[in-house]
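Trainee: Pasting in a structure now, in structure tokens, and then I'll have a few things to ask.
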Amino acid sequence: MNIDKKQVGTIFIAAIFIVSGISFAISWNPPSENGKESANVLKQPIANEQRTLFMNSDITILTLFYLEDDGDSQKIKKEVEKLNNEIGEKMLLEEIDIRTYQSFSAEYNVKSVPVVLIRGKENINVPIRLEGSQDYSTIKEKICSTYDEKPKICV
């Protein structure tokens with residue numbers, strides 16, 4: 001059986017998608033037993049390839065950079081988690097502790113917390129950036145602006 005260059009390229013691309021899918025599956029945090037944590041909350045950054053796949057499916061990704069022992073971080077974390085529960089499957093929440101993921105935080109120039117990045121289809125490469133303490137309605141408004149088909153909470 002002879003395999004030409006085009007077939008080798010196709011196999012290579014398929015392998016990349018399989019590996020990135022497996023790495024995403026490994027990084028996914030299932031809901032906790034007590035039902036407190038949603039299945040669409042990640043405690044670590046997702047791969048850029050996966051981020052692009054989510055964006056193509058009209059899912060908004062909200063990335064929260066925080067510190068566990070910071071009061072403003074904890075306040076905004078509660079607001080973001082409340083919105084995540086209300087929006088549901090149309091939102092993916094990344095909760096990034098900047099002490100644990102310093103290089104990822106540096107990539108997005110996070111020098112203080114809390115920082116919220118909101119990415120939808122239209123702004124995947126240049127996310128909406130909210131720095132400092134934000135209230136529920138401001139975060140909700142920014143998230144809702146990223147959807148073509150608005151979730152019920154945004155109507």
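Residue numbers start at 1 in each chain; chains themselves are named A, B, ... in the order of the structure tokens; ligands are numbered from 1 in the order shown.
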From a backbone DSSP assignment, name each residue in range 45-124 of chain A labelled helix (DSSP H, G or I), as a PyMOL selection string.

Mentor: chain A and resi 48-55+71-90+102-107+121-123

Trainee: Check range 54-139 of chain A with DSSP on the backbone and list each residue it calls strand (DSSP E), as a list of chain:residue names.

Mentor: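 Residues of range 54-139 of chain A classed as strand (DSSP E): A:Thr60, A:Ile61, A:Leu62, A:Thr63, A:Leu64, A:Phe65, A:Tyr66, A:Met91, A:Leu92, A:Leu93, A:Glu94, A:Glu95, A:Ile96, A:Asp97, A:Val115, A:Val116, A:Leu117, A:Ile118, A:Arg119, A:Ile128, A:Arg129, A:Leu130, A:Glu131.
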
Trainee: For range 115-132 of chain A, please output as a ChimeraX atom specification all residues within 12 Å (counting only C-alpha atoms; exclusion window: fewer than 5 positions along the same chain).

Mentor: /A:48-49,51-67,70-77,79-80,90-98,105,108-110,138-150

Trainee: What is the distance, in Å and to one decimal place, between CA of Glu68 in chain A and CA of Arg99 in chain A?

Mentor: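 Between these atoms lies a distance of 9.1 Å.
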
Trainee: Rounded to one decimal place, report the CA of Asn84 in chain A-CA of Ala106 in chain A distance in Å.

Mentor: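 Spanning CA of Asn84 in chain A to CA of Ala106 in chain A is a straight-line distance of 24.9 Å.
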
Trainee: Using CA of Ser20 in chain A and CA of Gln102 in chain A as the two end points, give the distance in Å to one decimal.

Mentor: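 That distance, rounded to one decimal, is 21.9 Å.
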
Trainee: With only C-alpha atoms as the counted atoms, please give the residues lying no more than 9 Å from Lys152 in chain A, apart from itself and same-chain residues fewer than 2 positions off, as an mmCIF file with C-alpha atoms, in the first residue's frame.

Mentor:
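The file below, out00.cif, is the result:
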data_model
loop_
_atom_site.group_PDB
_atom_site.id
_atom_site.type_symbol
_atom_site.label_atom_id
_atom_site.label_comp_id
_atom_site.auth_asym_id
_atom_site.auth_seq_id
_atom_site.Cartn_x
_atom_site.Cartn_y
_atom_site.Cartn_z
ATOM 1 C CA GLU A 86 -27.400 30.875 34.516
ATOM 2 C CA ILE A 87 -25.967 30.774 30.975
ATOM 3 C CA LYS A 150 -28.642 35.050 22.885
ATOM 4 C CA CYS A 154 -29.512 37.890 27.832
ATOM 5 C CA VAL A 155 -32.928 38.599 26.369
#

Trainee: Looking at only C-alpha atoms, which of A:Ala39, A:Gly9, A:Ala47, A:Asp69 is the one that sits closest to Gly21 in chain A?

Mentor: A:Ala47
